[in-house]
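S.K.: mmCIF, C-alpha atoms, saved as model_6.cif, coming up:
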```
data_entry
#
loop_
_atom_site.group_PDB
_atom_site.id
_atom_site.type_symbol
_atom_site.label_atom_id
_atom_site.label_comp_id
_atom_site.auth_asym_id
_atom_site.auth_seq_id
_atom_site.Cartn_x
_atom_site.Cartn_y
_atom_site.Cartn_z
ATOM 1 C CA MET A 406 21.527 1.110 -14.507
ATOM 2 C CA ALA A 407 22.958 1.169 -10.999
ATOM 3 C CA HIS A 408 26.714 1.556 -10.688
ATOM 4 C CA PRO A 409 28.362 -1.252 -8.648
ATOM 5 C CA SER A 410 29.450 1.305 -6.070
ATOM 6 C CA GLU A 411 25.874 2.437 -5.468
ATOM 7 C CA ARG A 412 24.159 0.720 -2.577
ATOM 8 C CA GLY A 413 20.476 0.791 -3.360
ATOM 9 C CA PRO A 414 17.789 -1.765 -2.535
ATOM 10 C CA GLN A 415 18.171 -5.473 -3.097
ATOM 11 C CA PHE A 416 14.490 -6.138 -2.492
ATOM 12 C CA VAL A 417 11.239 -4.203 -2.392
ATOM 13 C CA ILE A 418 7.824 -4.742 -0.891
ATOM 14 C CA ALA A 419 5.952 -3.695 -4.006
ATOM 15 C CA GLY A 420 2.280 -3.988 -3.108
ATOM 16 C CA ALA A 421 -0.525 -3.875 -2.544
ATOM 17 C CA PRO A 422 -1.727 -0.791 -0.627
ATOM 18 C CA LYS A 423 -3.925 -1.601 2.402
ATOM 19 C CA ALA A 424 -2.796 -5.238 2.336
ATOM 20 C CA GLY A 425 -0.544 -5.297 5.400
ATOM 21 C CA THR A 426 2.621 -3.943 3.799
ATOM 22 C CA THR A 427 3.245 -1.480 6.652
ATOM 23 C CA ALA A 428 3.078 -4.276 9.212
ATOM 24 C CA LEU A 429 5.352 -6.468 7.072
ATOM 25 C CA HIS A 430 7.872 -3.627 6.639
ATOM 26 C CA ALA A 431 7.980 -3.024 10.396
ATOM 27 C CA ALA A 432 8.340 -6.724 11.149
ATOM 28 C CA LEU A 433 11.172 -7.274 8.661
ATOM 29 C CA ALA A 434 12.956 -4.238 10.093
ATOM 30 C CA THR A 435 13.376 -6.187 13.358
ATOM 31 C CA HIS A 436 15.701 -8.657 11.602
ATOM 32 C CA PRO A 437 19.384 -7.731 12.094
ATOM 33 C CA GLY A 438 20.238 -9.257 8.727
ATOM 34 C CA LEU A 439 17.871 -6.910 6.902
ATOM 35 C CA TYR A 440 17.981 -3.160 6.478
ATOM 36 C CA LEU A 441 14.700 -1.434 5.657
ATOM 37 C CA SER A 442 14.879 2.183 4.515
ATOM 38 C CA PRO A 443 14.007 4.582 7.364
ATOM 39 C CA VAL A 444 11.524 6.290 5.034
ATOM 40 C CA LYS A 445 8.683 3.948 4.145
ATOM 41 C CA GLU A 446 7.229 4.528 0.690
ATOM 42 C CA PRO A 447 9.947 6.702 -0.850
ATOM 43 C CA LYS A 448 8.239 6.074 -4.213
ATOM 44 C CA TYR A 449 11.501 6.572 -6.089
ATOM 45 C CA TYR A 450 10.700 4.196 -8.951
ATOM 46 C CA LEU A 451 7.378 5.931 -9.520
ATOM 47 C CA THR A 452 9.451 8.860 -10.761
ATOM 48 C CA ASP A 453 11.833 9.109 -13.683
ATOM 49 C CA GLY A 454 14.314 11.341 -11.916
ATOM 50 C CA ARG A 455 11.994 14.338 -11.975
ATOM 51 C CA PRO A 456 9.363 15.649 -9.568
ATOM 52 C CA PRO A 457 5.992 13.928 -9.977
ATOM 53 C CA SER A 458 3.805 15.695 -12.487
ATOM 54 C CA ARG A 459 0.876 17.695 -11.140
ATOM 55 C CA THR A 460 -1.276 16.279 -13.939
ATOM 56 C CA GLY A 461 -1.399 12.961 -12.086
ATOM 57 C CA GLN A 462 -1.888 14.476 -8.635
ATOM 58 C CA ARG A 463 -5.242 16.214 -8.900
ATOM 59 C CA GLY A 464 -7.249 14.444 -6.202
ATOM 60 C CA PRO A 465 -7.695 15.902 -2.696
ATOM 61 C CA GLY A 466 -4.326 15.918 -0.946
ATOM 62 C CA ASP A 467 -2.469 14.421 -3.922
ATOM 63 C CA ALA A 468 -0.228 17.397 -4.669
ATOM 64 C CA HIS A 469 0.787 17.694 -1.021
ATOM 65 C CA SER A 470 1.556 13.987 -0.821
ATOM 66 C CA ALA A 471 3.644 14.175 -3.997
ATOM 67 C CA ARG A 472 5.984 16.666 -2.303
ATOM 68 C CA GLU A 473 7.134 13.809 -0.065
ATOM 69 C CA TRP A 474 8.224 11.578 -2.931
ATOM 70 C CA ILE A 475 11.980 11.029 -3.123
ATOM 71 C CA TRP A 476 12.884 11.527 -6.771
ATOM 72 C CA ARG A 477 16.520 12.633 -6.584
ATOM 73 C CA ARG A 478 18.809 9.640 -6.918
ATOM 74 C CA GLU A 479 21.340 10.831 -4.373
ATOM 75 C CA GLU A 480 18.592 11.278 -1.786
ATOM 76 C CA TYR A 481 17.218 7.837 -2.536
ATOM 77 C CA LEU A 482 20.581 6.104 -2.235
ATOM 78 C CA ALA A 483 21.201 7.998 0.996
ATOM 79 C CA LEU A 484 18.325 6.035 2.519
ATOM 80 C CA PHE A 485 20.551 2.952 2.449
ATOM 81 C CA ALA A 486 23.828 4.584 3.499
ATOM 82 C CA ALA A 487 23.508 3.397 7.106
ATOM 83 C CA ALA A 488 22.944 -0.254 6.152
ATOM 84 C CA PRO A 489 25.476 -2.517 7.905
ATOM 85 C CA GLU A 490 27.900 -4.333 5.645
ATOM 86 C CA GLY A 491 26.309 -7.590 4.572
ATOM 87 C CA ALA A 492 22.745 -6.617 5.455
ATOM 88 C CA VAL A 493 20.140 -7.184 2.759
ATOM 89 C CA ARG A 494 18.728 -3.784 1.866
ATOM 90 C CA GLY A 495 15.097 -3.115 1.030
ATOM 91 C CA GLU A 496 12.280 -0.593 0.906
ATOM 92 C CA SER A 497 8.485 -0.638 0.710
ATOM 93 C CA THR A 498 6.441 1.267 -1.826
ATOM 94 C CA PRO A 499 3.135 -0.543 -2.356
ATOM 95 C CA PHE A 500 2.427 1.223 -5.659
ATOM 96 C CA TYR A 501 5.357 -0.344 -7.526
ATOM 97 C CA LEU A 502 3.249 -3.371 -8.429
ATOM 98 C CA TYR A 503 0.432 -1.243 -9.852
ATOM 99 C CA ASP A 504 2.607 1.211 -11.792
ATOM 100 C CA ARG A 505 3.931 -0.583 -14.875
ATOM 101 C CA ALA A 506 6.590 2.055 -15.569
ATOM 102 C CA ALA A 507 7.837 1.586 -12.006
ATOM 103 C CA GLN A 508 8.112 -2.159 -12.607
ATOM 104 C CA ALA A 509 10.306 -1.526 -15.648
ATOM 105 C CA ARG A 510 12.481 1.093 -13.917
ATOM 106 C CA LEU A 511 13.022 -1.128 -10.890
ATOM 107 C CA ALA A 512 14.011 -4.168 -12.938
ATOM 108 C CA ALA A 513 16.343 -2.114 -15.150
ATOM 109 C CA ASP A 514 18.027 -0.455 -12.179
ATOM 110 C CA VAL A 515 18.299 -3.576 -9.993
ATOM 111 C CA PRO A 516 18.388 -6.524 -12.420
ATOM 112 C CA ASP A 517 18.429 -9.188 -9.680
ATOM 113 C CA VAL A 518 15.894 -7.465 -7.440
ATOM 114 C CA LYS A 519 13.661 -9.600 -5.245
ATOM 115 C CA VAL A 520 10.040 -8.511 -4.991
ATOM 116 C CA VAL A 521 7.665 -9.236 -2.114
ATOM 117 C CA ILE A 522 3.948 -8.829 -2.833
ATOM 118 C CA VAL A 523 0.975 -9.055 -0.492
ATOM 119 C CA VAL A 524 -2.478 -9.480 -2.038
ATOM 120 C CA ARG A 525 -5.772 -9.036 -0.234
ATOM 121 C CA ASP A 526 -9.382 -9.721 -1.136
ATOM 122 C CA PRO A 527 -9.762 -6.854 -3.636
ATOM 123 C CA VAL A 528 -13.150 -5.735 -2.323
ATOM 124 C CA ASP A 529 -11.919 -5.697 1.275
ATOM 125 C CA ARG A 530 -8.827 -3.843 0.077
ATOM 126 C CA ALA A 531 -10.899 -1.214 -1.737
ATOM 127 C CA TRP A 532 -13.174 -0.797 1.292
ATOM 128 C CA SER A 533 -10.156 -0.332 3.598
ATOM 129 C CA ASN A 534 -8.687 2.141 1.106
ATOM 130 C CA TRP A 535 -11.916 4.172 1.164
ATOM 131 C CA VAL A 536 -12.079 4.050 4.988
ATOM 132 C CA HIS A 537 -8.464 5.297 5.107
ATOM 133 C CA LEU A 538 -9.159 8.293 2.892
ATOM 134 C CA ARG A 539 -12.407 9.080 4.725
ATOM 135 C CA ALA A 540 -10.577 8.958 8.076
ATOM 136 C CA ASP A 541 -8.040 11.450 6.726
ATOM 137 C CA GLY A 542 -10.847 13.772 5.610
ATOM 138 C CA LEU A 543 -9.830 13.504 1.956
ATOM 139 C CA GLU A 544 -12.525 11.296 0.395
ATOM 140 C CA PRO A 545 -15.506 13.592 -0.234
ATOM 141 C CA GLU A 546 -17.906 10.751 -1.079
ATOM 142 C CA ALA A 547 -19.672 9.352 2.002
ATOM 143 C CA ASP A 548 -20.940 6.272 0.158
ATOM 144 C CA PHE A 549 -18.422 3.565 -0.722
ATOM 145 C CA ARG A 550 -20.339 2.233 -3.715
ATOM 146 C CA THR A 551 -20.612 5.721 -5.209
ATOM 147 C CA ALA A 552 -16.901 6.342 -4.656
ATOM 148 C CA VAL A 553 -16.081 3.151 -6.576
ATOM 149 C CA ARG A 554 -18.440 4.160 -9.374
ATOM 150 C CA LEU A 555 -16.554 7.456 -9.654
ATOM 151 C CA GLU A 556 -13.192 5.724 -10.147
ATOM 152 C CA GLU A 557 -12.934 5.915 -13.934
ATOM 153 C CA ARG A 558 -13.925 9.576 -13.973
ATOM 154 C CA ARG A 559 -11.389 10.346 -11.269
ATOM 155 C CA ILE A 560 -8.649 8.509 -13.154
ATOM 156 C CA ALA A 561 -9.482 10.528 -16.284
ATOM 157 C CA ASP A 562 -9.303 13.693 -14.181
ATOM 158 C CA GLY A 563 -5.805 12.816 -12.942
ATOM 159 C CA TRP A 564 -6.454 11.595 -9.402
ATOM 160 C CA ALA A 565 -3.455 9.675 -8.002
ATOM 161 C CA PRO A 566 -3.343 5.852 -7.792
ATOM 162 C CA PHE A 567 -4.478 5.644 -4.157
ATOM 163 C CA TRP A 568 -7.939 6.652 -5.411
ATOM 164 C CA HIS A 569 -8.033 3.720 -7.843
ATOM 165 C CA TYR A 570 -10.157 1.505 -5.630
ATOM 166 C CA ARG A 571 -10.783 -1.346 -8.054
ATOM 167 C CA GLY A 572 -7.679 -0.837 -10.167
ATOM 168 C CA LEU A 573 -5.239 -1.413 -7.314
ATOM 169 C CA GLY A 574 -6.879 -4.795 -6.715
ATOM 170 C CA ARG A 575 -6.370 -6.142 -10.232
ATOM 171 C CA TYR A 576 -3.411 -8.234 -9.092
ATOM 172 C CA GLY A 577 -3.563 -10.758 -11.917
ATOM 173 C CA ALA A 578 -2.732 -8.227 -14.625
ATOM 174 C CA GLN A 579 -0.161 -6.552 -12.390
ATOM 175 C CA LEU A 580 1.599 -9.839 -11.655
ATOM 176 C CA ARG A 581 1.485 -10.896 -15.311
ATOM 177 C CA ASP A 582 3.247 -7.675 -16.281
ATOM 178 C CA LEU A 583 5.765 -7.929 -13.441
ATOM 179 C CA TYR A 584 6.792 -11.393 -14.651
ATOM 180 C CA ARG A 585 7.876 -9.774 -17.928
ATOM 181 C CA HIS A 586 10.575 -7.930 -15.979
ATOM 182 C CA VAL A 587 11.354 -10.101 -12.940
ATOM 183 C CA PRO A 588 11.830 -13.912 -12.907
ATOM 184 C CA ARG A 589 9.170 -15.787 -10.980
ATOM 185 C CA ALA A 590 11.836 -17.180 -8.655
ATOM 186 C CA ASN A 591 12.530 -13.601 -7.552
ATOM 187 C CA VAL A 592 8.906 -12.906 -6.587
ATOM 188 C CA CYS A 593 7.398 -13.893 -3.242
ATOM 189 C CA LEU A 594 3.599 -13.670 -3.263
ATOM 190 C CA LEU A 595 1.883 -13.574 0.118
ATOM 191 C CA ARG A 596 -1.739 -13.311 1.135
ATOM 192 C CA TYR A 597 -2.959 -10.709 3.586
ATOM 193 C CA ARG A 598 -4.495 -13.423 5.750
ATOM 194 C CA GLN A 599 -1.049 -14.999 6.132
ATOM 195 C CA VAL A 600 0.528 -11.736 7.286
ATOM 196 C CA VAL A 601 -2.213 -11.264 9.904
ATOM 197 C CA ASP A 602 -3.141 -14.801 10.948
ATOM 198 C CA THR A 603 0.226 -16.608 10.825
ATOM 199 C CA PRO A 604 2.871 -13.880 11.163
ATOM 200 C CA ARG A 605 5.687 -16.086 12.469
ATOM 201 C CA GLU A 606 5.433 -18.584 9.627
ATOM 202 C CA THR A 607 5.043 -15.797 7.070
ATOM 203 C CA LEU A 608 8.096 -13.902 8.335
ATOM 204 C CA ASP A 609 10.121 -17.102 8.209
ATOM 205 C CA ARG A 610 9.043 -17.647 4.611
ATOM 206 C CA VAL A 611 10.038 -14.099 3.620
ATOM 207 C CA SER A 612 13.317 -14.367 5.527
ATOM 208 C CA ALA A 613 14.220 -17.549 3.656
ATOM 209 C CA PHE A 614 13.253 -15.888 0.364
ATOM 210 C CA LEU A 615 15.583 -12.963 1.147
ATOM 211 C CA GLY A 616 18.413 -15.262 2.227
ATOM 212 C CA VAL A 617 18.509 -14.400 5.924
ATOM 213 C CA GLU A 618 18.028 -16.572 8.986
ATOM 214 C CA PRO A 619 14.417 -17.502 9.785
ATOM 215 C CA GLY A 620 13.017 -17.340 13.288
ATOM 216 C CA VAL A 621 14.489 -13.899 13.990
ATOM 217 C CA ALA A 622 12.086 -11.254 12.669
ATOM 218 C CA HIS A 623 9.009 -10.690 14.811
ATOM 219 C CA ALA A 624 5.674 -8.999 14.295
ATOM 220 C CA VAL A 625 5.014 -5.561 15.766
ATOM 221 C CA PRO A 626 1.667 -3.888 16.543
ATOM 222 C CA PRO A 627 0.005 -2.409 13.431
ATOM 223 C CA GLU A 628 0.366 1.346 12.992
ATOM 224 C CA ASN A 629 -1.523 2.014 9.765
ATOM 225 C CA VAL A 630 -5.037 0.931 10.729
ATOM 226 C CA LYS A 631 -7.417 3.834 10.220
ATOM 227 C CA PRO A 632 -10.699 4.076 12.147
ATOM 228 C CA HIS A 633 -14.051 4.067 10.432
ATOM 229 C CA VAL A 634 -15.418 7.583 10.832
ATOM 230 C CA GLY A 635 -19.160 8.080 10.641
ATOM 231 C CA ASP A 636 -20.666 10.755 8.425
ATOM 232 C CA SER A 637 -22.011 13.765 10.344
ATOM 233 C CA ALA A 638 -22.297 17.520 9.998
ATOM 234 C CA ARG A 639 -19.241 17.860 12.249
ATOM 235 C CA TYR A 640 -17.266 15.426 10.105
ATOM 236 C CA ARG A 641 -18.184 17.261 6.898
ATOM 237 C CA VAL A 642 -16.983 20.608 8.276
ATOM 238 C CA LEU A 643 -13.704 19.140 9.509
ATOM 239 C CA ALA A 644 -13.168 17.245 6.244
ATOM 240 C CA ARG A 645 -13.681 20.386 4.164
ATOM 241 C CA LEU A 646 -11.094 22.174 6.314
ATOM 242 C CA THR A 647 -8.731 19.235 5.869
ATOM 243 C CA ARG A 648 -9.076 19.193 2.086
ATOM 244 C CA ALA A 649 -8.595 22.962 1.889
ATOM 245 C CA GLY A 650 -5.535 22.750 4.107
ATOM 246 C CA ALA A 651 -4.076 19.900 2.067
ATOM 247 C CA ALA A 652 -4.530 21.974 -1.091
ATOM 248 C CA LEU A 653 -2.588 24.838 0.492
ATOM 249 C CA GLY A 654 -0.084 22.326 1.838
ATOM 250 C CA ALA A 655 0.930 21.558 -1.731
ATOM 251 C CA TYR A 656 2.860 24.846 -1.655
ATOM 252 C CA ALA A 657 4.563 24.360 1.726
ATOM 253 C CA PRO A 658 7.223 21.930 2.951
ATOM 254 C CA PRO A 659 5.514 18.578 3.690
ATOM 255 C CA GLN A 660 6.369 18.640 7.385
ATOM 256 C CA VAL A 661 4.535 21.946 7.822
ATOM 257 C CA TRP A 662 1.154 20.586 6.767
ATOM 258 C CA ARG A 663 1.802 17.341 8.648
ATOM 259 C CA GLN A 664 2.249 19.354 11.832
ATOM 260 C CA VAL A 665 -0.717 21.648 11.201
ATOM 261 C CA SER A 666 -3.031 18.787 10.263
ATOM 262 C CA ARG A 667 -2.522 16.730 13.429
ATOM 263 C CA PRO A 668 -5.253 18.455 15.471
ATOM 264 C CA LEU A 669 -7.645 18.177 12.525
ATOM 265 C CA LEU A 670 -6.953 14.454 12.124
ATOM 266 C CA ALA A 671 -7.372 13.905 15.863
ATOM 267 C CA ALA A 672 -10.724 15.697 15.705
ATOM 268 C CA LEU A 673 -11.787 13.638 12.686
ATOM 269 C CA HIS A 674 -10.788 10.360 14.346
ATOM 270 C CA ALA A 675 -12.732 11.334 17.482
ATOM 271 C CA GLY A 676 -15.827 10.615 15.413
ATOM 272 C CA ARG A 677 -14.883 6.961 15.029
ATOM 273 C CA ALA A 678 -17.737 4.485 14.814
ATOM 274 C CA PRO A 679 -18.023 0.714 14.477
ATOM 275 C CA ARG A 680 -17.187 -0.350 10.949
ATOM 276 C CA PRO A 681 -20.472 -1.496 9.374
ATOM 277 C CA ALA A 682 -20.810 -4.693 7.406
ATOM 278 C CA MET A 683 -20.721 -4.216 3.662
ATOM 279 C CA PRO A 684 -24.114 -4.888 2.068
ATOM 280 C CA VAL A 685 -24.054 -7.975 -0.137
ATOM 281 C CA ASP A 686 -25.304 -6.093 -3.196
ATOM 282 C CA VAL A 687 -22.479 -3.554 -2.826
ATOM 283 C CA ARG A 688 -19.877 -6.279 -2.528
ATOM 284 C CA ARG A 689 -21.217 -8.044 -5.616
ATOM 285 C CA GLU A 690 -21.186 -4.838 -7.660
ATOM 286 C CA VAL A 691 -17.584 -4.013 -6.724
ATOM 287 C CA LEU A 692 -16.439 -7.612 -7.218
ATOM 288 C CA ASP A 693 -18.077 -8.461 -10.541
ATOM 289 C CA PRO A 694 -15.649 -6.572 -12.854
ATOM 290 C CA LEU A 695 -12.714 -8.135 -10.944
ATOM 291 C CA LEU A 696 -13.654 -11.800 -11.419
ATOM 292 C CA ASP A 697 -11.744 -12.209 -14.703
ATOM 293 C CA ASP A 698 -8.639 -10.764 -13.068
ATOM 294 C CA ILE A 699 -8.980 -13.138 -10.102
ATOM 295 C CA ALA A 700 -9.134 -15.996 -12.612
ATOM 296 C CA LEU A 701 -5.920 -14.703 -14.196
ATOM 297 C CA LEU A 702 -4.253 -14.565 -10.771
ATOM 298 C CA GLU A 703 -5.291 -18.166 -10.136
ATOM 299 C CA GLU A 704 -3.882 -19.195 -13.511
ATOM 300 C CA LEU A 705 -0.566 -17.424 -12.857
ATOM 301 C CA THR A 706 -0.088 -18.755 -9.329
ATOM 302 C CA GLY A 707 -1.782 -22.143 -9.422
ATOM 303 C CA GLU A 708 -3.589 -21.139 -6.230
ATOM 304 C CA SER A 709 -7.291 -20.846 -5.511
ATOM 305 C CA PHE A 710 -8.703 -17.488 -4.508
ATOM 306 C CA ALA A 711 -12.252 -18.789 -4.235
ATOM 307 C CA ASP A 712 -12.635 -17.165 -0.812
ATOM 308 C CA TRP A 713 -12.577 -13.755 -2.549
ATOM 309 C CA LYS A 714 -15.619 -14.601 -4.653
ATOM 310 C CA GLY A 715 -18.158 -14.963 -1.853
ATOM 311 C CA ASP A 716 -20.650 -12.510 -0.402
ATOM 312 C CA THR A 717 -18.665 -11.725 2.752
ATOM 313 C CA GLY A 718 -15.154 -10.386 3.302
ATOM 314 C CA ARG A 719 -12.618 -11.525 5.842
ATOM 315 C CA GLY A 720 -12.473 -8.468 8.113
ATOM 316 C CA ASP A 721 -10.082 -5.621 8.768
ATOM 317 C CA PHE A 722 -6.555 -5.853 10.163
ATOM 318 C CA ARG A 723 -7.443 -4.903 13.729
ATOM 319 C CA SER A 724 -10.282 -7.383 14.151
ATOM 320 C CA ARG A 725 -8.326 -10.181 12.458
ATOM 321 C CA SER A 726 -5.099 -9.508 14.383
ATOM 322 C CA VAL A 727 -7.003 -9.423 17.690
ATOM 323 C CA GLY A 728 -8.660 -12.691 16.792
ATOM 324 C CA SER A 729 -5.297 -14.163 15.814
ATOM 325 C CA ALA A 730 -3.767 -13.043 19.118
ATOM 326 C CA ASP A 731 -6.688 -14.566 21.047
ATOM 327 C CA ALA A 732 -6.173 -17.834 19.169
ATOM 328 C CA HIS A 733 -2.609 -17.989 20.390
#
```
Can I see the file as structure tokens?
M.R.:
Amino acid sequence: MAHPSERGPQFVIAGAPKAGTTALHAALATHPGLYLSPVKEPKYYLTDGRPPSRTGQRGPGDAHSAREWIWRREEYLALFAAAPEGAVRGESTPFYLYDRAAQARLAADVPDVKVVIVVRDPVDRAWSNWVHLRADGLEPEADFRTAVRLEERRIADGWAPFWHYRGLGRYGAQLRDLYRHVPRANVCLLRYRQVVDTPRETLDRVSAFLGVEPGVAHAVPPENVKPHVGDSARYRVLARLTRAGAALGAYAPPQVWRQVSRPLLAALHAGRAPRPAMPVDVRREVLDPLLDDIALLEELTGESFADWKGDTGRGDFRSRSVGSADAH
């Protein structure tokens, strides 16, 4: 349990990955009444006060990424040391919703914590997740459907949660389990389309939820939108170099590999291509095992998520945010 003298978070943005949490974090950070940790995704509550185990970090780049996790309590609390007196402190780690042990640790450590969640069409989210890992040269599978089919095997082999394409989108079960630790009144559930299409209204809603003045926070340009990179012989060579470098980077300070990898990532992203439409049969195959969970989410929230059950998605952040800007 947190000691009263410790100034940790009072709220977290807990999920989901690739659902606009980076944009929401950046927007809330513009509010003078809020203090967002300068390190996004410290992942503290994914740990139990020890370094993350290598047994759960066996996918490409996982072990390097795990070196960036903040697991020492004093280092975590130091993230909030500069918060002005009276500011509402928060951080964003979009895996807290998915990791049930993290849910329990968070609620035990901060009993009155407020939790902000953003959910996105789970097939669109998985697709964006795959595009992200392909753009970084880490996802070795050039076919999205095949990558999803490999999920259970990868989980059994100890690949980290960011590879759990379908699993991360099972929001119903995640929310059900969160409610066992956190009162519903302390949970603010948003939809990705609200973050992108109506940012002012959404920021006002979150501000009111966190107890700060609405009409102050403002949206900022997205920074975490990865390009779709086409498959080519050049891409495959660069991606193999990237995965090999990331494996070696697991034994070096994180900033070293970050610096070394920049030219490789720039070269990878130079191969950007228009993001193709997802074939209907692929979408149906990815969606089908998620329908029961969507029904659970509807039962828990009293909201309809019927728009997730169709044969087309709702687009990526960049195309939707450009369209939203044009509409205004």
S.K.: Taking only C-alpha atoms into account, produce a table as JSON lines in which each residue of range 506-574 of chain A with an atom at most 12 Å from an atom of range 601-625 of chain A appears once, together with its shortest atom pair and the distance in Å to one decimal, ordered by chain and rising number.
M.R.:
```
{"residue": "A:Asp517", "atom": "CA", "partner": "A:Leu615", "partner_atom": "CA", "distance": 11.8}
{"residue": "A:Val518", "atom": "CA", "partner": "A:Leu615", "partner_atom": "CA", "distance": 10.2}
{"residue": "A:Lys519", "atom": "CA", "partner": "A:Leu615", "partner_atom": "CA", "distance": 7.5}
{"residue": "A:Val520", "atom": "CA", "partner": "A:Leu615", "partner_atom": "CA", "distance": 9.4}
{"residue": "A:Val521", "atom": "CA", "partner": "A:Val611", "partner_atom": "CA", "distance": 7.9}
{"residue": "A:Ile522", "atom": "CA", "partner": "A:Val611", "partner_atom": "CA", "distance": 10.3}
{"residue": "A:Val523", "atom": "CA", "partner": "A:Thr607", "partner_atom": "CA", "distance": 10.9}
{"residue": "A:Arg525", "atom": "CA", "partner": "A:Val601", "partner_atom": "CA", "distance": 11.0}
```
S.K.: Evaluating the PyMOL selection byres ((chain A and resi 441) around 7) on the displayed file yields which residues, as a PyMOL selection string?
M.R.: chain A and resi 434+439-440+442-443+494-496
S.K.: Would you mind telling me which residue in A:Arg472, A:Arg559, A:Arg689, A:Arg598 lies nearest to Val528 in chain A when using only C-alpha atoms?
M.R.: A:Arg689
S.K.: Which polymer residues, protein or nucleic acid, are no farther than 12 Å from (1.7, -21.3, -8.3), counting all atoms listed in the file, as number ranges by chain?
M.R.: A: 580, 589-590, 592-595, 701-710
S.K.: So which residues get picked by the PyMOL selection byres ((chain A and resi 582) around 10) here, written as a list in words?
M.R.: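 Residues picked by the PyMOL selection byres ((chain A and resi 582) around 10): Leu502, Tyr503, Asp504, Arg505, Gln508, Ala509, Tyr576, Gly577, Ala578, Gln579, Leu580, Arg581, Leu583, Tyr584, Arg585, His586 and Val587 of chain A.
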S.K.: Provide the CA of Arg459 in chain A to CA of Asp562 in chain A distance in Å, to one decimal place.
M.R.: 11.4 Å
S.K.: Where's the centre, and what are the edge lengths in Å to one decimal, of a box along x, y and z enclosing all listed atoms of range 660-671 of chain A padded 5 Å per side, as AutoDock Vina command-line options?
M.R.:
```
--center_x -0.6 --center_y 17.9 --center_z 11.3 --size_x 24.0 --size_y 18.0 --size_z 19.1
```
S.K.: Please output range 686-697 of chain A, rebuilt to include N, CA and C atoms, as a short mmCIF file (atom, residue, chain, number, x, y, z; two decimals), in the frame of the given file.
M.R.:
```
data_model
loop_
_atom_site.label_atom_id
_atom_site.label_comp_id
_atom_site.auth_asym_id
_atom_site.auth_seq_id
_atom_site.Cartn_x
_atom_site.Cartn_y
_atom_site.Cartn_z
N ASP A 686 -25.16 -6.61 -1.84
CA ASP A 686 -25.30 -6.09 -3.20
C ASP A 686 -24.17 -5.15 -3.57
N VAL A 687 -23.63 -4.43 -2.57
CA VAL A 687 -22.48 -3.55 -2.83
C VAL A 687 -21.25 -4.40 -3.13
N ARG A 688 -21.03 -5.41 -2.30
CA ARG A 688 -19.88 -6.28 -2.53
C ARG A 688 -19.93 -6.92 -3.92
N ARG A 689 -21.10 -7.40 -4.30
CA ARG A 689 -21.22 -8.04 -5.62
C ARG A 689 -20.94 -7.06 -6.75
N GLU A 690 -21.40 -5.83 -6.61
CA GLU A 690 -21.19 -4.84 -7.66
C GLU A 690 -19.70 -4.49 -7.80
N VAL A 691 -19.01 -4.35 -6.67
CA VAL A 691 -17.58 -4.01 -6.72
C VAL A 691 -16.78 -5.20 -7.25
N LEU A 692 -17.19 -6.41 -6.86
CA LEU A 692 -16.44 -7.61 -7.22
C LEU A 692 -16.59 -8.01 -8.68
N ASP A 693 -17.77 -7.87 -9.23
CA ASP A 693 -18.08 -8.46 -10.54
C ASP A 693 -17.05 -8.12 -11.63
N PRO A 694 -16.63 -6.86 -11.80
CA PRO A 694 -15.65 -6.57 -12.85
C PRO A 694 -14.25 -7.12 -12.54
N LEU A 695 -14.04 -7.64 -11.33
CA LEU A 695 -12.71 -8.14 -10.94
C LEU A 695 -12.59 -9.65 -11.10
N LEU A 696 -13.68 -10.34 -11.40
CA LEU A 696 -13.65 -11.80 -11.42
C LEU A 696 -12.70 -12.35 -12.48
N ASP A 697 -12.67 -11.74 -13.66
CA ASP A 697 -11.74 -12.21 -14.70
C ASP A 697 -10.30 -12.05 -14.25
#
```
